[in-house]
Structure formats: C-alpha cells, structure tokens
>>> print(open('target09.tsv').read())   # TSV, C-alpha atoms and all ligand atoms
chain	number	residue	atom	x	y	z
A	62	MET	CA	-2.94	269.14	-117.75
A	63	LEU	CA	-4.79	269.63	-114.48
A	64	VAL	CA	-4.32	267.61	-111.31
A	65	ALA	CA	-6.89	268.34	-108.60
A	66	GLY	CA	-6.88	266.87	-105.11
A	67	ASN	CA	-10.36	266.37	-103.69
A	68	TRP	CA	-9.80	266.08	-99.95
A	69	LYS	CA	-13.45	265.19	-99.28
A	70	MET	CA	-14.12	265.39	-95.49
A	71	PHE	CA	-10.47	265.23	-94.48
A	72	LYS	CA	-8.05	267.86	-93.10
A	73	GLY	CA	-9.29	270.57	-90.76
A	74	PRO	CA	-7.62	274.01	-90.82
A	75	GLU	CA	-4.42	272.99	-89.02
A	76	GLU	CA	-3.74	269.98	-91.17
A	77	ALA	CA	-4.65	271.95	-94.26
A	78	ARG	CA	-2.15	274.65	-93.37
A	79	ALA	CA	0.64	272.14	-92.83
A	80	PHE	CA	-0.15	270.30	-96.08
A	81	CYS	CA	-0.32	273.49	-98.13
A	82	ARG	CA	2.99	274.71	-96.68
A	83	GLY	CA	4.54	271.45	-97.80
A	84	LEU	CA	2.94	271.71	-101.22
A	85	ARG	CA	4.06	275.31	-101.64
A	86	ASP	CA	7.67	274.34	-101.03
A	87	LEU	CA	7.75	271.56	-103.63
A	88	ALA	CA	9.15	272.05	-107.12
A	89	LEU	CA	5.95	271.16	-108.99
A	90	PRO	CA	6.09	270.82	-112.78
A	91	GLY	CA	5.35	274.05	-114.61
A	92	ASP	CA	3.17	272.37	-117.25
A	93	VAL	CA	0.65	270.97	-114.74
A	94	ASP	CA	-2.08	273.07	-113.14
A	95	VAL	CA	-2.33	271.94	-109.54
A	96	VAL	CA	-5.48	272.43	-107.47
A	97	VAL	CA	-6.49	271.46	-103.94
A	98	CYS	CA	-10.12	271.15	-102.80
A	99	PRO	CA	-10.25	271.32	-98.99
A	100	PRO	CA	-13.45	271.20	-96.91
A	101	TYR	CA	-15.12	274.60	-96.43
A	102	VAL	CA	-13.63	275.23	-92.98
A	103	SER	CA	-10.09	274.82	-94.31
A	104	LEU	CA	-10.42	276.93	-97.45
A	105	GLY	CA	-9.28	280.14	-95.74
A	106	GLN	CA	-6.05	278.55	-94.51
A	107	ALA	CA	-5.35	277.02	-97.91
A	108	VAL	CA	-5.93	280.34	-99.68
A	109	GLN	CA	-3.62	282.16	-97.25
A	110	VAL	CA	-0.78	279.68	-97.44
A	111	LEU	CA	-0.96	279.30	-101.23
A	112	ALA	CA	-1.34	283.02	-101.98
A	113	GLY	CA	1.20	284.10	-104.58
A	114	THR	CA	1.67	280.56	-105.92
A	115	GLU	CA	0.20	278.98	-109.05
A	116	ILE	CA	-1.70	276.41	-106.96
A	117	GLY	CA	-5.46	276.94	-107.07
A	118	VAL	CA	-7.89	276.42	-104.20
A	119	PHE	CA	-11.32	275.00	-105.05
A	120	ALA	CA	-14.33	274.29	-102.83
A	121	GLN	CA	-16.12	270.95	-103.03
A	122	ASN	CA	-19.59	272.35	-103.62
A	123	CYS	CA	-21.40	275.65	-104.09
A	124	HIS	CA	-25.01	276.80	-103.81
A	125	TRP	CA	-26.75	278.64	-106.65
A	126	ALA	CA	-28.25	281.48	-104.61
A	127	VAL	CA	-26.22	284.53	-103.62
A	128	ASP	CA	-27.57	284.25	-100.08
A	129	GLY	CA	-30.75	283.14	-98.36
A	130	ALA	CA	-32.32	280.70	-95.92
A	131	PHE	CA	-30.31	277.65	-97.04
A	132	THR	CA	-28.88	276.12	-93.88
A	133	GLY	CA	-25.56	274.43	-94.44
A	134	GLU	CA	-24.95	275.86	-97.91
A	135	VAL	CA	-22.29	278.29	-99.16
A	136	SER	CA	-22.59	280.63	-102.15
A	137	ALA	CA	-20.18	281.45	-104.97
A	138	SER	CA	-19.85	285.06	-103.84
A	139	MET	CA	-18.80	283.88	-100.37
A	140	LEU	CA	-16.17	281.61	-101.89
A	141	LEU	CA	-14.88	284.42	-104.09
A	142	GLU	CA	-14.69	286.74	-101.09
A	143	LEU	CA	-12.45	284.17	-99.42
A	144	GLY	CA	-10.12	284.08	-102.44
A	145	VAL	CA	-11.28	280.68	-103.67
A	146	TYR	CA	-10.67	280.11	-107.39
A	147	GLY	CA	-13.23	277.45	-108.26
A	148	THR	CA	-15.45	274.65	-107.07
A	149	ILE	CA	-16.31	271.04	-107.70
A	150	VAL	CA	-20.01	270.37	-108.32
A	151	GLY	CA	-21.97	267.15	-108.70
A	152	HIS	CA	-19.52	264.76	-107.11
A	153	SER	CA	-21.06	261.29	-107.02
A	154	GLU	CA	-20.97	261.36	-103.22
A	155	ARG	CA	-23.14	264.51	-103.31
A	156	ARG	CA	-25.47	262.84	-105.78
A	157	GLN	CA	-25.66	259.50	-103.93
A	158	LEU	CA	-25.64	260.63	-100.30
A	159	PHE	CA	-26.94	264.20	-100.27
A	160	GLY	CA	-29.66	264.32	-102.86
A	161	ASP	CA	-27.96	266.28	-105.63
A	162	THR	CA	-29.72	265.77	-108.96
A	163	ASP	CA	-28.88	266.69	-112.54
A	164	GLU	CA	-30.98	269.80	-112.04
A	165	THR	CA	-29.31	270.97	-108.82
A	166	VAL	CA	-25.88	270.21	-110.26
A	167	ALA	CA	-26.71	272.26	-113.35
A	168	ARG	CA	-27.87	275.14	-111.15
A	169	ARG	CA	-24.75	274.97	-108.98
A	170	ALA	CA	-22.47	274.89	-112.04
A	171	ALA	CA	-24.25	277.73	-113.84
A	172	ALA	CA	-24.28	279.99	-110.77
A	173	ALA	CA	-20.63	279.33	-109.96
A	174	LEU	CA	-19.54	280.02	-113.55
A	175	ALA	CA	-21.68	283.15	-113.75
A	176	ALA	CA	-20.08	284.42	-110.55
A	177	GLY	CA	-16.60	283.92	-112.01
A	178	LEU	CA	-15.53	280.66	-110.37
A	179	HIS	CA	-13.93	277.85	-112.35
A	180	VAL	CA	-15.94	274.62	-112.15
A	181	ILE	CA	-15.10	270.93	-112.11
A	182	ALA	CA	-18.42	269.19	-112.82
A	183	CYS	CA	-18.38	265.47	-112.02
A	184	VAL	CA	-20.19	262.83	-114.05
A	185	GLY	CA	-20.19	259.04	-113.78
A	186	GLU	CA	-21.25	255.76	-115.33
A	187	THR	CA	-22.88	254.45	-117.51
A	188	GLU	CA	-22.82	255.92	-121.02
A	189	ALA	CA	-26.56	256.64	-120.75
A	190	VAL	CA	-26.04	258.26	-117.35
A	191	LEU	CA	-23.05	260.19	-118.68
A	192	ARG	CA	-25.08	261.58	-121.54
A	193	ARG	CA	-27.99	262.48	-119.24
A	194	GLN	CA	-25.72	264.18	-116.69
A	195	LEU	CA	-23.92	266.12	-119.43
A	196	SER	CA	-27.13	267.19	-121.15
A	197	VAL	CA	-27.83	269.78	-118.46
A	198	LEU	CA	-24.41	271.43	-118.64
A	199	ASP	CA	-23.46	274.17	-121.10
A	200	HIS	CA	-20.06	274.81	-122.57
A	201	ASP	CA	-18.01	277.43	-120.76
A	202	ASP	CA	-14.34	278.33	-121.02
A	203	ASN	CA	-14.04	277.89	-117.27
A	204	LEU	CA	-15.77	274.50	-117.16
A	205	VAL	CA	-13.94	271.19	-116.78
A	206	VAL	CA	-15.72	267.81	-116.50
A	207	ALA	CA	-14.44	265.00	-114.28
A	208	TYR	CA	-15.38	261.49	-115.38
A	209	GLU	CA	-15.51	259.35	-112.26
A	210	PRO	CA	-16.90	255.83	-112.67
A	211	VAL	CA	-18.67	255.22	-109.34
A	212	TRP	CA	-17.20	251.73	-109.00
A	213	ALA	CA	-13.68	253.18	-109.10
A	214	ILE	CA	-14.08	255.74	-106.31
A	215	GLY	CA	-12.24	254.77	-103.14
A	216	THR	CA	-12.24	251.12	-104.18
A	217	GLY	CA	-8.71	250.72	-105.51
A	218	LYS	CA	-10.26	249.68	-108.82
A	219	THR	CA	-9.23	251.93	-111.69
A	220	ALA	CA	-10.59	252.17	-115.19
A	221	THR	CA	-8.08	250.87	-117.71
A	222	PRO	CA	-6.46	253.66	-119.71
A	223	GLU	CA	-8.42	252.43	-122.76
A	224	LEU	CA	-11.74	252.56	-120.90
A	225	ALA	CA	-10.97	256.04	-119.60
A	226	GLN	CA	-10.02	257.15	-123.12
A	227	GLU	CA	-13.32	255.78	-124.53
A	228	ALA	CA	-15.47	257.39	-121.84
A	229	HIS	CA	-13.65	260.70	-122.23
A	230	GLU	CA	-14.29	260.60	-125.97
A	231	VAL	CA	-18.00	260.18	-125.23
A	232	VAL	CA	-17.90	263.17	-122.87
A	233	LYS	CA	-16.05	265.31	-125.39
A	234	SER	CA	-18.50	264.37	-128.16
A	235	VAL	CA	-21.29	265.83	-126.03
A	236	LEU	CA	-19.44	268.74	-124.41
A	237	ASP	CA	-16.15	270.01	-125.79
A	238	VAL	CA	-14.31	270.74	-122.54
A	239	PRO	CA	-11.21	269.35	-120.80
A	240	VAL	CA	-12.00	266.03	-119.07
A	241	LEU	CA	-10.34	264.77	-115.90
A	242	TYR	CA	-10.32	261.12	-114.87
A	243	GLY	CA	-11.18	260.29	-111.27
A	244	GLY	CA	-11.33	257.01	-109.38
A	245	SER	CA	-8.42	255.43	-107.48
A	246	VAL	CA	-5.74	257.46	-109.25
A	247	LYS	CA	-2.44	256.60	-107.55
A	248	PRO	CA	1.24	257.29	-108.24
A	249	GLY	CA	1.48	253.82	-109.78
A	250	ASN	CA	-1.27	254.24	-112.39
A	251	ALA	CA	-1.28	258.00	-113.00
A	252	ARG	CA	1.23	258.09	-115.81
A	253	GLU	CA	-0.56	255.65	-118.12
A	254	LEU	CA	-3.96	257.19	-117.44
A	255	LEU	CA	-2.71	260.73	-118.02
A	256	ALA	CA	-0.90	259.63	-121.20
A	257	GLN	CA	-4.26	259.00	-122.93
A	258	ALA	CA	-5.02	261.66	-125.51
A	259	ALA	CA	-8.51	262.44	-124.17
A	260	VAL	CA	-7.44	262.48	-120.50
A	261	ASP	CA	-6.69	266.10	-119.64
A	262	GLY	CA	-5.94	265.55	-115.99
A	263	ALA	CA	-6.98	263.78	-112.81
A	264	LEU	CA	-9.36	264.33	-109.91
A	265	VAL	CA	-7.64	262.53	-107.06
A	266	GLY	CA	-9.28	261.52	-103.78
A	267	GLY	CA	-7.39	259.35	-101.29
A	268	ALA	CA	-3.95	259.76	-102.85
A	269	SER	CA	-4.22	263.56	-102.70
A	270	LEU	CA	-4.17	263.50	-98.89
A	271	GLU	CA	-0.55	262.49	-98.72
A	272	LEU	CA	2.01	265.00	-99.97
A	273	GLU	CA	4.42	262.54	-101.51
A	274	ALA	CA	1.72	260.64	-103.40
A	275	PHE	CA	0.06	263.83	-104.63
A	276	GLU	CA	3.41	265.22	-105.78
A	277	ALA	CA	4.14	262.00	-107.67
A	278	ILE	CA	0.78	262.24	-109.48
A	279	CYS	CA	1.49	265.88	-110.39
A	280	GLN	CA	4.87	264.82	-111.75
A	281	ALA	CA	3.22	262.02	-113.74
A	282	GLY	CA	1.06	264.65	-115.44
A	283	SER	CA	4.09	266.55	-116.69
A	284	LEU	CA	4.81	266.18	-120.41
A	285	SER	CA	1.78	263.85	-120.82
B	301	LIG	P1	-10.35	258.11	-104.88
B	301	LIG	O1	-9.16	258.67	-105.64
B	301	LIG	O2	-10.14	258.03	-103.40
B	301	LIG	O3	-10.85	256.86	-105.51
B	301	LIG	O4	-11.52	259.20	-105.05
B	301	LIG	C1	-11.86	259.63	-106.32
B	301	LIG	C2	-12.76	260.79	-106.19
B	301	LIG	O5	-13.91	260.65	-105.87
B	301	LIG	C3	-12.17	262.12	-106.45
B	301	LIG	O6	-13.17	263.08	-106.49
>>> encode(input="target09.tsv", output="structure tokens", more="lines below")
Ligand code: 13P
Amino acid sequence: MLVAGNWKMFKGPEEARAFCRGLRDLALPGDVDVVVCPPYVSLGQAVQVLAGTEIGVFAQNCHWAVDGAFTGEVSASMLLELGVYGTIVGHSERRQLFGDTDETVARRAAAALAAGLHVIACVGETEAVLRRQLSVLDHDDNLVVAYEPVWAIGTGKTATPELAQEAHEVVKSVLDVPVLYGGSVKPGNARELLAQAAVDGALVGGASLELEAFEAICQAGSLS
C-alpha cells in the first residue's frame, strides 16, 4: 500500500520543512509506504528533514536528458544528487497545461527509471485514453501507475470504489504494476477506495497539504 501526497504548486521550503517535521513525528502505519512530492524548490528541505525515516521524497516531474539547454527542466541525475527517491511523470495537469504528450511522458518515465528513480506515471480517462497512455510505458519493478480520472481532480467528485476497481483492472490487464487511485481522495472516502482489491494506494492532492488529513488517509491505507 502506497500513499503519495502530490503537493502540486504549494509549500515553499519553509512550509515544506515544517510539514515534514510534523510528518516525521507521527506514528505512521508500518504497512503503508508514505511519499511526499513537494515542488522542486522544496525537495532539498524535505529530503533533509525526512532523512533516516521510511518516508520517501518524490519530485513532480523529471526531464529525460542528463543535462542540456532545456530551460526550466530538471534531470533525474540532479534529483538523485539531492537525495530524491522518485518522481511523478505525466500528471494530467502537465498533459493539459504544459504540453506533455504520451511520447514525452514515456521518455520522462524511461529516463527516470534508467537513472534509478522510482516512478509514479499518471494516466486518466477514458478507457481508450487509458489504453493509449499505457501503451507507451514498459513494465519495470520500480514503476507504479496512478489512475486519475480528470473529472475527479480537485473537484470533490470521486470515482466510486467500484469504478476505481474496474479502471484499475483495465490498467493491470495492460501493465502489471501497482495502481494508485487519484482524484479527490479525502479522509472520508479513503478507506473504501483503498479497500478495493485492485487499488494499491492513493495519489492525494489537496488533502495531502494538511497534516491531519494526510495522516488519516495513511491510516486508512493500513491493513487494506
Ligand atoms: P485532488 O486530490 O486535489 O483531487 O488531486 C488529485 C491529484 O491530481 C493528485 O495528483
């Protein structure tokens, strides 16, 4: 069971440090892998504060080149140098707002995995889109897919547990990897979503910004 908090463009270094100190001091369940995904500028603080804990720090994106003239991008080797454990790629906000395509997502995922990062690759609706987005990804022991229906992101609308289960089964039939559900996961709905057999964890946006809510979701993942 994996619970990952995608902070999106929230929490600069100071806030990140305070949040991670709080997180570090919680008694999180031992059977849940907990990950935070701060913005680039806050990764260093998160890595420092969480050093020596089981909590992983992931970036939200990663470029495929080692270095080069790519203004605004960050490479896997730079993330590794910082002590970052993994990265999200292909979030729907990157696809919708910043021009990421199946091809660039595939390149980002492949480069990150090859460099030794763990990867959460995001895919969305519909079944045809899911299948197309998955078709460019290859199985890897360090790859996890996050199924995030675009209509459920930041809207308060959540897929029913049955719908999540069905979509996750589709994902697993194409690519046999752990699958996280993302889209308005909250303390109140986490337990029934995470109880589904094909739901291997959650990628949490808004509710991961608040310590108490994020802790409750991590607890909901325990024994599921
Ligand atoms: P919300 O949990 O805010 O809906 O965001 C979901 C998401 O996009 C996580 O990556």
>>> closest_residue(input="target09.tsv", among="A:Val246, A:Ala126, A:Leu224, A:Val180", to="ligand LIG 301 (chain B)", atoms="all atoms listed in the file")
A:Val246
>>> residues_near_ligand(input="target09.tsv", ligand="ligand LIG 301 (chain B)", cutoff="10 Å", atoms="all atoms listed in the file", output="VMD selection string")
chain A and resid 65 to 69 98 121 149 151 to 154 181 183 207 to 219 241 to 247 263 to 270
>>> closest_residue(input="target09.tsv", among="A:Glu115, A:Glu223, A:Asp199, A:Asp128", to="Tyr146 in chain A", atoms="all atoms listed in the file")
A:Glu115
>>> residues_around(input="target09.tsv", residues="range 162-167 of chain A", least_positions_apart="6", cutoff="10 Å", atoms="only C-alpha atoms", output="list in words")
Asn122, Cys123, His124, Trp125, Ile149, Val150, Gly151, His152, Ser153, Arg155, Arg156, Ala173, Ala182, Cys183, Val184, Arg193, Gln194, Leu195, Ser196, Val197, Leu198 and Asp199 of chain A
>>> closest_residue(input="target09.tsv", among="A:Gln280, A:Thr221, A:Ser285, A:Ser136", to="Val95 in chain A", atoms="all atoms listed in the file")
A:Gln280
>>> atom_distance(input="target09.tsv", atom1="CA of Phe80 in chain A", atom2="CA of Ser103 in chain A")
11.1 Å
>>> atom_distance(input="target09.tsv", atom1="CA of Gln257 in chain A", atom2="CA of Glu230 in chain A")
10.6 Å
>>> closest_residue(input="target09.tsv", among="A:Leu158, A:Leu255, A:Gly177, A:Asp86", to="Ser138 in chain A", atoms="all atoms listed in the file")
A:Gly177
